[in-house]
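Contents: one structure, followed by commentary.
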Amino acid sequence: MPTPDPDPEPIDTIVEESLTFLALGDSYTIGEAVGVNLRWPVQLKDSLEAQGLDMDSPRIIARTGWTTDELIRAIDNTNDLDPTYDLVSLLIGVNNQYRNYDFVEYEREFPVLLRQALNFADGDTNRVIVLSIPDYGVTPFGSFGDQDKIARELDEYNAFAKEEAEKKGIAFYDITPISREAADDGSLVASDGLHPSGKMYTRWVELIREEVEAKLSR
């Protein structure tokens, strides 16, 4: 019987780590009025795993009612974030519009958030995605306001966000047309009469999943 090597060579093992996902935003990212599993970041994670990608549960920095300045402060004051993530999403601005903030605040603060998102992606623009702001004016809640004004102002916000993202080579996904289908399809609105339902979030994920999968598979 051979004598065991008293000092065997170590065997290298490769441990594949799960992909990480940081989702930044407001009520649309935290999934107000829907279950945790119906939030769009969670649905995206589940959809990507169904395609064979191993992903951690998304880290969500979002709260209902947050404006751009509040999200900036929240990011700055959250001490347990990882230095970098494999995927970072940003969807913010509806509460700036709803509170009638001066648009120049969004013009000043959205680029700050975009830079923060890029920093969390280690400067890799391919790992950052921006989603447009949905049009809440078509919901039962929004019907009590000036729907044309809401739509017009949100279009201005989204045009600016798209321009800023594309200048940096960051993917911008326009989910606003999907949100406007809620005018004729009540199943796309959550039980609170304002926020998207899980069904609408599924539509968002269907729009972006294939491209996000390709980004993460590179």
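Labeling convention for the structure tokens: chains A, B, ... as they appear, residues from 1 per chain, ligands from 1 in order of appearance.
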- Message: Which residues are near A:Ser27? Cut-off 10 Å, only C-alpha atoms, ignore same chain within fewer than 2 positions. Put them as an NGL selection string.
- Response: :A and (25 or 29-33 or 39 or 62-66 or 91-92 or 94-95 or 195-196)
Take the residues from that selection and put them in a file with C-alpha atoms, as an mmCIF file, in the first residue's frame.
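Written out: selection-v3.cif:
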```cif
data_model
loop_
_atom_site.group_PDB
_atom_site.id
_atom_site.type_symbol
_atom_site.label_atom_id
_atom_site.label_comp_id
_atom_site.auth_asym_id
_atom_site.auth_seq_id
_atom_site.Cartn_x
_atom_site.Cartn_y
_atom_site.Cartn_z
ATOM 1 C CA GLY A 25 -35.578 54.072 -6.474
ATOM 2 C CA THR A 29 -38.862 49.764 -6.955
ATOM 3 C CA ILE A 30 -39.966 48.753 -3.456
ATOM 4 C CA GLY A 31 -43.246 47.538 -4.958
ATOM 5 C CA GLU A 32 -45.803 49.476 -2.955
ATOM 6 C CA ALA A 33 -49.108 47.583 -2.612
ATOM 7 C CA ARG A 39 -41.704 43.559 -7.021
ATOM 8 C CA ALA A 62 -36.047 52.513 -2.113
ATOM 9 C CA ARG A 63 -38.982 53.916 -0.205
ATOM 10 C CA THR A 64 -42.428 55.153 -1.122
ATOM 11 C CA GLY A 65 -42.412 58.919 -1.583
ATOM 12 C CA TRP A 66 -38.690 59.388 -2.082
ATOM 13 C CA LEU A 91 -35.834 54.491 -11.373
ATOM 14 C CA ILE A 92 -36.575 57.826 -9.686
ATOM 15 C CA VAL A 94 -42.092 60.684 -9.924
ATOM 16 C CA ASN A 95 -42.226 62.308 -6.495
ATOM 17 C CA HIS A 195 -49.226 51.764 -8.056
ATOM 18 C CA PRO A 196 -48.503 49.067 -10.644
#
```
- as a ChimeraX atom specification, please: all residues of stretch 72-139 of chain A that backbone DSSP puts in strand (DSSP E or B). /A:87-90,128-131
How would the residues just chosen look if you wrote them out with N, CA and C atoms as a PDB file, in the first residue's frame?
```pdb
ATOM      1  N   LEU A  87     -25.157  44.213 -11.147  1.00  0.00           N
ATOM      2  CA  LEU A  87     -26.229  44.930 -11.841  1.00  0.00           C
ATOM      3  C   LEU A  87     -26.758  46.007 -10.912  1.00  0.00           C
ATOM      4  N   VAL A  88     -26.949  47.208 -11.454  1.00  0.00           N
ATOM      5  CA  VAL A  88     -27.502  48.324 -10.681  1.00  0.00           C
ATOM      6  C   VAL A  88     -28.616  48.954 -11.501  1.00  0.00           C
ATOM      7  N   SER A  89     -29.785  49.122 -10.885  1.00  0.00           N
ATOM      8  CA  SER A  89     -30.901  49.756 -11.579  1.00  0.00           C
ATOM      9  C   SER A  89     -31.260  51.072 -10.901  1.00  0.00           C
ATOM     10  N   LEU A  90     -31.819  51.984 -11.679  1.00  0.00           N
ATOM     11  CA  LEU A  90     -32.230  53.302 -11.177  1.00  0.00           C
ATOM     12  C   LEU A  90     -33.566  53.684 -11.794  1.00  0.00           C
ATOM     13  N   VAL A 128     -25.314  48.924 -15.607  1.00  0.00           N
ATOM     14  CA  VAL A 128     -26.300  49.856 -15.061  1.00  0.00           C
ATOM     15  C   VAL A 128     -27.480  49.935 -16.018  1.00  0.00           C
ATOM     16  N   ILE A 129     -28.687  49.945 -15.467  1.00  0.00           N
ATOM     17  CA  ILE A 129     -29.888  50.142 -16.283  1.00  0.00           C
ATOM     18  C   ILE A 129     -30.750  51.215 -15.641  1.00  0.00           C
ATOM     19  N   VAL A 130     -31.402  52.004 -16.490  1.00  0.00           N
ATOM     20  CA  VAL A 130     -32.320  53.048 -16.032  1.00  0.00           C
ATOM     21  C   VAL A 130     -33.689  52.747 -16.600  1.00  0.00           C
ATOM     22  N   LEU A 131     -34.702  52.845 -15.749  1.00  0.00           N
ATOM     23  CA  LEU A 131     -36.084  52.666 -16.184  1.00  0.00           C
ATOM     24  C   LEU A 131     -36.793  54.005 -16.155  1.00  0.00           C
TER      25      LEU A 131
END
```
- Message: Taking only C-alpha atoms into account, name the residue in A:Leu154, A:Ile178, A:Val189, A:Ala159 that is nearest to A:Phe141.
- Response: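 Closest to A:Phe141 of all the choices is A:Val189.
Note that the spacing between atom CA of A:Arg209 and atom CA of A:Leu118 amounts to 19.8 Å.
Closest approach to A:Leu22 from the set A:Asp122, A:Glu210, A:Asp148, A:Asp82 is made by A:Asp82, with distances taken over only C-alpha atoms.
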Check which residues of stretch 9-76 of chain A sit at most 7 Å from stretch 97-113 of chain A using only C-alpha atoms, and return one row each with the closest pair of atoms and their distance in Å to one decimal, ordered by chain and rising number, as CSV.
```
residue,atom,partner,partner_atom,distance
A:Thr68,CA,A:Glu109,CA,6.1
A:Asp69,CA,A:Glu109,CA,6.6
A:Ile72,CA,A:Leu113,CA,6.5
```
- Please return as a PyMOL selection string: the residues of chain A that backbone DSSP assigns to helix (DSSP H, G or I). chain A and resi 27-30+36-38+40-50+68-77+94-98+103-120+125-127+136-138+142-144+147-167+176-183+186-188+198-216
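Coordinates place atom CA of A:Glu17 at a distance of 26.0 Å from atom CA of A:Leu114.
With only C-alpha atoms as the atoms that count, the minimum distance from A:Gly186 to the choices A:Thr67, A:Asn37, A:Asn126, A:Thr139 is reached by A:Thr139.
Atom CA of A:Thr125 to atom CA of A:Lys168 spans 7.1 Å [interatomic distance, one decimal].
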